[in-house]
2 protein chains.
Amino acid sequence: MYGTAVAIFLVILVAALQGSVPPENPFPYHVPLDPEGTLELSWNVSYAREDVHFQLLVRGLKAGVLFGMSDRGELQNADLVVLWTDGNSAYFGDAWSDQKGQIHLDSQQDYQLLRAQKTPEGLYLLFKRPFSTCDPKDYLIEDGTVHLIYGILEQPFLSLEAINTSDLQTGLQRVQLLKPNIMVPSLPEDLNTREIRAPNVLIPGQETTYWCYITELPASFSKHHIVMYEPIVTVGNEALVHHMEVFQCAAEFESFPHFSGPCDSKMKPDRLNYCRHVLAAWALGAKAFYYPEEAGLPFGGAGSSRYLRLEVHYHNPLKIKGRRDSSGIRLYYTASLRPYDAGIMELGLVYTPVMAIPPQETAFMLTGYCTDKCTQLALPSSGIHIFASQLHTHLTGRKVVTVLARGGREREVVNRDNHYSPHFQEIRMLKKVVSVHPGDVLITSCTYNTEDRNLTTVGGFGILEEMCVNYAHYYPQTQLELCKSAVDPGFLQKYFHQVNSFNSEDVCTCPQTSVPQQFASVPWNSFNREVLKALYNFAPISVHCNKSSAVRFQGEWNLQPLPKITSTLEEPPPRCPAHRAQNPSGPTVVNMGGGKS
Amino acid sequence: MYGTAVAIFLVILVAALQGSVPPENPFPYHVPLDPEGTLELSWNVSYAREDVHFQLLVRGLKAGVLFGMSDRGELQNADLVVLWTDGNSAYFGDAWSDQKGQIHLDSQQDYQLLRAQKTPEGLYLLFKRPFSTCDPKDYLIEDGTVHLIYGILEQPFLSLEAINTSDLQTGLQRVQLLKPNIMVPSLPEDLNTREIRAPNVLIPGQETTYWCYITELPASFSKHHIVMYEPIVTVGNEALVHHMEVFQCAAEFESFPHFSGPCDSKMKPDRLNYCRHVLAAWALGAKAFYYPEEAGLPFGGAGSSRYLRLEVHYHNPLKIKGRRDSSGIRLYYTASLRPYDAGIMELGLVYTPVMAIPPQETAFMLTGYCTDKCTQLALPSSGIHIFASQLHTHLTGRKVVTVLARGGREREVVNRDNHYSPHFQEIRMLKKVVSVHPGDVLITSCTYNTEDRNLTTVGGFGILEEMCVNYAHYYPQTQLELCKSAVDPGFLQKYFHQVNSFNSEDVCTCPQTSVPQQFASVPWNSFNREVLKALYNFAPISVHCNKSSAVRFQGEWNLQPLPKITSTLEEPPPRCPAHRAQNPSGPTVVNMGGGKS
């Protein structure tokens, strides 16, 4: 009687619902959850009420659906909402999965069902949840990346406890759930647009493709300001186009060859590696990006390349073949230059092997500093204003945060992502513009997980090496392109010496040995791990305070003391919603009638 | 109209109370809260319901009272219950104090008022609270020491927020709130008692007095078993007698001089320092101590001193003068020896300066090991059974825990006190007897706070030095008296060398320098602190596996590897009570009528 597709028809609306149902189309944000697009999530955010309203569209509902959040997208230890049926009635409840993936009803019901409505398109579920519930089983909705998970129930279950996520069709989708609530700045009247899109790409039938496409601005294109940009996604491919970036090529080359093909293709001209200056970046779930009213991103004109590279990441886990795509980014620009040029500054760690992560670490933190001495020298007295930020690490990065300190005290978070994923790097507008003054310090920390590695992971450019970067978007533009640090190499040599004195001679401290070789021969016992951590938190640093990647500001930048921080910013304890006693203490019955087909 | 003593008369019982009121005198445990004994707390514990019923007797009620718990007895950041009046009505509510001591109503009401009753003796408030509430503002009631706090409201307050704890008469009392639920073992028929009490002591009019009194057993007193003991507290002095211990003197001396006076008196004979073997210990709030039915503590007979020392700690903060006291301990013993002699084994750290705590640390942990090699050699194949435990540190100790590990995995907590105070050292019966077998490892960790110190605190006997000891009471008695460890001194010298290589030459590593001198010259930067921690968690240890304090079991005990622990016991996350939604969301009105005198 119950096949793989038990059709359930929702007949009666859920009654006695608390809270007001928001007006008709109040959901500015949308993502498809699964690669086929059968589950579509829309949401809005209220910072006043500190809650999120979700609208989940379930096309072709079978016997139920689960949706939720977890630290990194795993189906275990997840915070879930489940719509399920026992064959007679249907239920909606707040649940959680244990470390084996088995589902349990939550003793505290924090997801609140507001409406369940069947339409020709599918079932619409409207529900809300506070950012924080103070239930230890629940996920805390924070700024930055949120890993959404879903699962399809194909058959009835007598109880929630009978469901194990490992038996279901499941998946994950990363989004920035708490979008900033930013007023759209007014746009100039002489707005032009230029679409940067690779026409008619045949999406390869493989899980991951990075598509590279070169285009060029007209000859003698003068200096303009980009004031906004937005994604153009080919209709029907919403679940395949994962992220897109537009890069400007290096000005030192007169011209670049045209190309349209996979970025890892052997046919790709080497010169395209010189197209790395980010102009625009979009990732799934993001909307248009606006520059602040006083600033625009300069492009065109003398000293700027006419050549642009578009990179499109196709995520095609179902290996669908034959799909055509012309997605890209639409730039909005103006010849009426705004008062300020916007700039991009690199914060974090220098790309050097002296900053390293031992293997088998679950949460190893490395920190890079933009020191008071550098900001004193390089920033205008009126300061700069950071309005957006793109965080960057390689594969083992798990968290990134940049904090501003002044007078030895941490003052403000510039950008924080506690669930950072290297597979989801967007340029994010900040909720609040952060002003940086001469003498301020910017501290960027990245947390890495190397549990699946057996060798030391050193800093560097390679994909198996690591980075810790915050690309800070700011205005007015200054000469400061790069403000980063790394541990003093001499102190690292003392560390290798010390490893040898506490252990049997192992690390060659002879001059011809490279730092990666030295790290490779460290026996990673608890002592050597802890002392390396202590070294990074103590030893003097070498600071890169640069006008371009090779040209330093004048001054002594070696053997600099670590900035002294006397008070740190604690993450505030989550506020618990006051009125949770109103919530039901068990699942809500969703009245369903009709056929078991 | 409202003077310093506003008399409030409770007229009507609180109605509509949830839960059942327990029968008439169901409170086995009692303590006075304040030194005058105007507040008296009685309580019972239900492990089935995981809650505590409190009965607070308020003698001479003025305008209200507050009672609660906090980490270490501070009035700030405390979890409180408050009875207050605005002049017209009286209220009972769950509240908390912020870091400035200001009181706020708790958004979740977890203290539940069951009865409020005026009697000629005073006002009785009966209320209950779950061990754990899952409210981040609330104290988690755990095993071990609980710091109870109280305050007297002398005038009405228009609101809770108008109360600041710093303006009130307040105080603290330490108790073991979660007493173990142990069946009283059956006692032998030929039970004798002996009262060890200092007769007619004139309690000095000073805050702290340790009174020493020497008494002796009859000549040719043969071997007996102590099977229980209980406190005898002179009526009226309940709030002054803080703790009492009975020690047996060393057998190597034929006799000891009689003495009755302060332990720090210049008149006290030196020889009394040889009376340190604990026979019995009691502290405020504790009840009778029972040995398990199979065992008794041997005293009397050959090889055992006839001389006993009683130590009574008088805590007299109001400096009351002229009070007479004859408190002491009543030993119950039998000549019908039980199957097993009980013994006491010292676990933890060797008394040596190589184990040290840097200054200005808030929570520095030192760990001592009783290794598998020692238990293999010294314990009988059937194992030993630990039934009670007394934790011991000097002034900077804040937490103590002993864990049993087997096969590299932590299995069981022997005793844990997360709110340990050096001012409250009782012998505590364990909720569950812990059996230790040959090959098991016992790991004892102490956490210290040296925020108020400017110099290194080293291990040692002095009151300003530190100890980390668990006196484990067990049977059957074995030869193993002491199973402790300390870091290998050679590795500590490597540490001092390394301090010199990373800093400018500071620590003299020349042979004539003592370890305390070396520690005194370490510059305590973050690196030297972290590396010391790492050293203690890594370096080999020297193990004391001793028959008496000077005689080791045969074997190699130096440069022993640290026990390898592959899985640790996590403290389980507190369970949240299921039915808290039934609790009121605001304060309860306690109906009061009558005069404003």
# chains A, B, ... in the order shown; residues from 1 in each chain; ligands from 1
>>> residues_around(residues="stretch 272-288 of chain B", least_positions_apart="6", cutoff="7 Å", atoms="only C-alpha atoms", output="number ranges by chain")
B: 29-31, 175, 228-231, 242-250, 309, 424, 426-427
>>> write_last_selection(atoms="C-alpha atoms", output="compact mmCIF listing (two decimals), in the first residue's frame")
# COMPACT_ATOMS: atom_id res chain seq x y z
CA TYR B 29 20.36 17.96 56.47
CA HIS B 30 20.66 21.29 58.27
CA VAL B 31 23.06 24.20 58.42
CA VAL B 175 28.00 22.66 52.18
CA MET B 228 31.21 5.03 62.56
CA TYR B 229 31.64 8.46 64.05
CA GLU B 230 29.49 11.54 64.45
CA PRO B 231 29.89 15.15 65.51
CA HIS B 242 33.26 24.93 61.40
CA HIS B 243 35.12 21.66 61.22
CA MET B 244 36.78 19.05 63.47
CA GLU B 245 39.36 16.34 62.87
CA VAL B 246 40.77 13.55 65.04
CA PHE B 247 44.36 12.57 64.31
CA GLN B 248 46.38 9.66 65.67
CA CYS B 249 49.90 10.43 66.83
CA ALA B 250 53.00 8.65 65.51
CA ARG B 309 44.83 14.94 68.76
CA PHE B 424 36.02 23.07 53.52
CA GLU B 426 35.45 16.87 54.60
CA ILE B 427 35.84 13.15 54.30
>>> closest_atom_pairs(of="chain A", to="chain B", cutoff="8 Å", atoms="only C-alpha atoms", output="Markdown table")
| residue | atom | partner | partner_atom | distance |
| --- | --- | --- | --- | --- |
| A:Ser107 | CA | B:Ala578 | CA | 6.6 |
| A:Cys134 | CA | B:Asp135 | CA | 7.6 |
| A:Asp135 | CA | B:Cys134 | CA | 7.6 |
| A:Phe491 | CA | B:Phe502 | CA | 7.8 |
| A:Lys494 | CA | B:Phe502 | CA | 7.2 |
| A:Gln498 | CA | B:Gln498 | CA | 6.9 |
| A:Ser501 | CA | B:Lys494 | CA | 7.6 |
| A:Phe502 | CA | B:Lys494 | CA | 7.2 |
| A:Ser526 | CA | B:Phe538 | CA | 6.5 |
| A:Phe527 | CA | B:Ala534 | CA | 5.2 |
| A:Glu530 | CA | B:Ala534 | CA | 5.8 |
| A:Val531 | CA | B:Val531 | CA | 5.6 |
| A:Ala534 | CA | B:Phe527 | CA | 5.2 |
| A:Leu535 | CA | B:Phe527 | CA | 6.4 |
| A:Asn537 | CA | B:Phe527 | CA | 7.3 |
| A:Phe538 | CA | B:Phe527 | CA | 5.7 |
| A:Ala578 | CA | B:Ser107 | CA | 6.4 |
| A:Ala581 | CA | B:Ala581 | CA | 5.4 |
>>> atom_distance(atom1="atom CA of B:Ala295", atom2="atom CA of B:Ala335")
12.7 Å
>>> residues_around(residues="B:Pro561", least_positions_apart="6", cutoff="10 Å", atoms="only C-alpha atoms", output="MDAnalysis selection string")
chainID B and resid 371 488 538:543
>>> write_last_selection(atoms="C-alpha atoms", output="PDB file, in the first residue's frame")
ATOM      1  CA  THR B 371      50.470   4.349  37.526  1.00  0.00           C
ATOM      2  CA  ASP B 488      61.086  14.230  36.048  1.00  0.00           C
ATOM      3  CA  PHE B 538      54.381  15.427  28.159  1.00  0.00           C
ATOM      4  CA  ALA B 539      57.546  14.855  30.197  1.00  0.00           C
ATOM      5  CA  PRO B 540      58.217  11.534  31.926  1.00  0.00           C
ATOM      6  CA  ILE B 541      57.438  11.351  35.631  1.00  0.00           C
ATOM      7  CA  SER B 542      59.023  10.171  38.799  1.00  0.00           C
ATOM      8  CA  VAL B 543      56.564   7.897  40.645  1.00  0.00           C
TER       9      VAL B 543
END
>>> residues_around(residues="B:Gly261", least_positions_apart="2", cutoff="7 Å", atoms="only C-alpha atoms", output="PyMOL selection string")
chain B and resi 211-213+259+263+265
>>> write_last_selection(atoms="N, CA, C and O atoms", output="PDB file, in the first residue's frame")
ATOM      1  N   TRP B 211      41.733  24.964  67.407  1.00  0.00           N
ATOM      2  CA  TRP B 211      41.987  24.537  68.784  1.00  0.00           C
ATOM      3  C   TRP B 211      42.566  23.122  68.764  1.00  0.00           C
ATOM      4  O   TRP B 211      42.040  22.254  68.084  1.00  0.00           O
ATOM      5  N   CYS B 212      43.670  22.914  69.522  1.00  0.00           N
ATOM      6  CA  CYS B 212      44.302  21.602  69.580  1.00  0.00           C
ATOM      7  C   CYS B 212      44.127  21.004  70.973  1.00  0.00           C
ATOM      8  O   CYS B 212      44.306  21.701  71.986  1.00  0.00           O
ATOM      9  N   TYR B 213      43.797  19.737  71.010  1.00  0.00           N
ATOM     10  CA  TYR B 213      43.568  19.073  72.292  1.00  0.00           C
ATOM     11  C   TYR B 213      44.098  17.649  72.183  1.00  0.00           C
ATOM     12  O   TYR B 213      43.821  16.944  71.212  1.00  0.00           O
ATOM     13  N   PHE B 259      47.782  18.767  76.129  1.00  0.00           N
ATOM     14  CA  PHE B 259      47.708  20.162  75.702  1.00  0.00           C
ATOM     15  C   PHE B 259      46.274  20.478  75.354  1.00  0.00           C
ATOM     16  O   PHE B 259      45.536  19.632  74.825  1.00  0.00           O
ATOM     17  N   CYS B 263      46.155  25.934  68.159  1.00  0.00           N
ATOM     18  CA  CYS B 263      47.189  25.127  67.502  1.00  0.00           C
ATOM     19  C   CYS B 263      48.401  25.965  67.148  1.00  0.00           C
ATOM     20  O   CYS B 263      49.496  25.442  66.966  1.00  0.00           O
ATOM     21  N   SER B 265      49.603  28.292  69.084  1.00  0.00           N
ATOM     22  CA  SER B 265      50.145  28.865  70.317  1.00  0.00           C
ATOM     23  C   SER B 265      51.629  28.554  70.445  1.00  0.00           C
ATOM     24  O   SER B 265      52.093  27.468  70.078  1.00  0.00           O
TER      25      SER B 265
END
>>> residues_around(residues="stretch 401-405 of chain A", least_positions_apart="5", cutoff="8 Å", atoms="only C-alpha atoms", output="list in words")
Glu410, Arg411, Glu412, Val413, Val414, Asn415, Arg416, Asp417, Asn418, Val436, Asp440, Val441, Leu442, Ile443, Thr444, Ser445, Cys446, Asn470 and Ile565 of chain A
>>> select_by_dssp(residues="stretch 8-254 of chain A", states="strand (DSSP E or B)", output="count of residues only")
118
>>> closest_residue(among="A:Gly301, A:Lys431, A:Arg194, A:Tyr369", to="A:Ile329", atoms="only C-alpha atoms")
A:Arg194
>>> residues_around(residues="stretch 172-174 of chain A", least_positions_apart="5", cutoff="6 Å", atoms="only C-alpha atoms", output="JSON, numbers by chain")
{"A": [33, 73, 146, 147, 148, 149]}
>>> closest_residue(among="B:Glu451, B:Glu50, B:Glu346, B:Asp372", to="B:Leu482", atoms="only C-alpha atoms")
B:Glu346
>>> residues_around(residues="B:Gln206", least_positions_apart="3", cutoff="8 Å", atoms="only C-alpha atoms", output="VMD selection string")
chain B and resid 209 316 to 320
>>> write_last_selection(atoms="all heavy atoms", output="short mmCIF file (atom, residue, chain, number, x, y, z; two decimals), in the first residue's frame")
data_model
loop_
_atom_site.label_atom_id
_atom_site.label_comp_id
_atom_site.auth_asym_id
_atom_site.auth_seq_id
_atom_site.Cartn_x
_atom_site.Cartn_y
_atom_site.Cartn_z
N THR B 209 40.06 30.35 64.74
CA THR B 209 40.88 29.65 65.73
C THR B 209 40.91 28.17 65.40
O THR B 209 39.86 27.57 65.12
CB THR B 209 40.28 29.80 67.15
OG1 THR B 209 40.21 31.18 67.48
CG2 THR B 209 41.16 29.08 68.19
N ASN B 316 34.48 32.47 63.75
CA ASN B 316 33.77 33.42 64.61
C ASN B 316 33.89 34.83 64.03
O ASN B 316 34.53 35.72 64.62
CB ASN B 316 34.41 33.33 66.01
CG ASN B 316 33.71 34.19 67.04
OD1 ASN B 316 32.66 34.80 66.77
ND2 ASN B 316 34.30 34.30 68.23
N PRO B 317 33.26 35.05 62.87
CA PRO B 317 33.45 36.34 62.18
C PRO B 317 32.90 37.52 62.98
O PRO B 317 33.37 38.64 62.82
CB PRO B 317 32.70 36.16 60.86
CG PRO B 317 31.72 35.07 61.10
CD PRO B 317 32.35 34.17 62.13
N LEU B 318 31.91 37.27 63.84
CA LEU B 318 31.36 38.38 64.63
C LEU B 318 32.18 38.61 65.90
O LEU B 318 31.86 39.49 66.70
CB LEU B 318 29.89 38.08 65.01
CG LEU B 318 28.95 37.87 63.82
CD1 LEU B 318 27.53 37.56 64.31
CD2 LEU B 318 28.94 39.09 62.92
N LYS B 319 33.23 37.80 66.08
CA LYS B 319 34.15 37.95 67.22
C LYS B 319 33.42 37.94 68.56
O LYS B 319 33.68 38.77 69.44
CB LYS B 319 35.02 39.20 67.04
CG LYS B 319 35.82 39.07 65.74
CD LYS B 319 36.72 40.26 65.43
CE LYS B 319 37.44 39.95 64.09
NZ LYS B 319 38.12 41.09 63.52
N ILE B 320 32.48 37.01 68.66
CA ILE B 320 31.72 36.85 69.90
C ILE B 320 32.67 36.41 71.00
O ILE B 320 33.53 35.55 70.78
CB ILE B 320 30.62 35.77 69.69
CG1 ILE B 320 29.65 36.23 68.58
CG2 ILE B 320 29.90 35.45 70.99
CD1 ILE B 320 28.74 35.13 68.07
#
>>> atom_distance(atom1="atom CA of A:Leu559", atom2="atom CA of B:Glu505")
18.7 Å
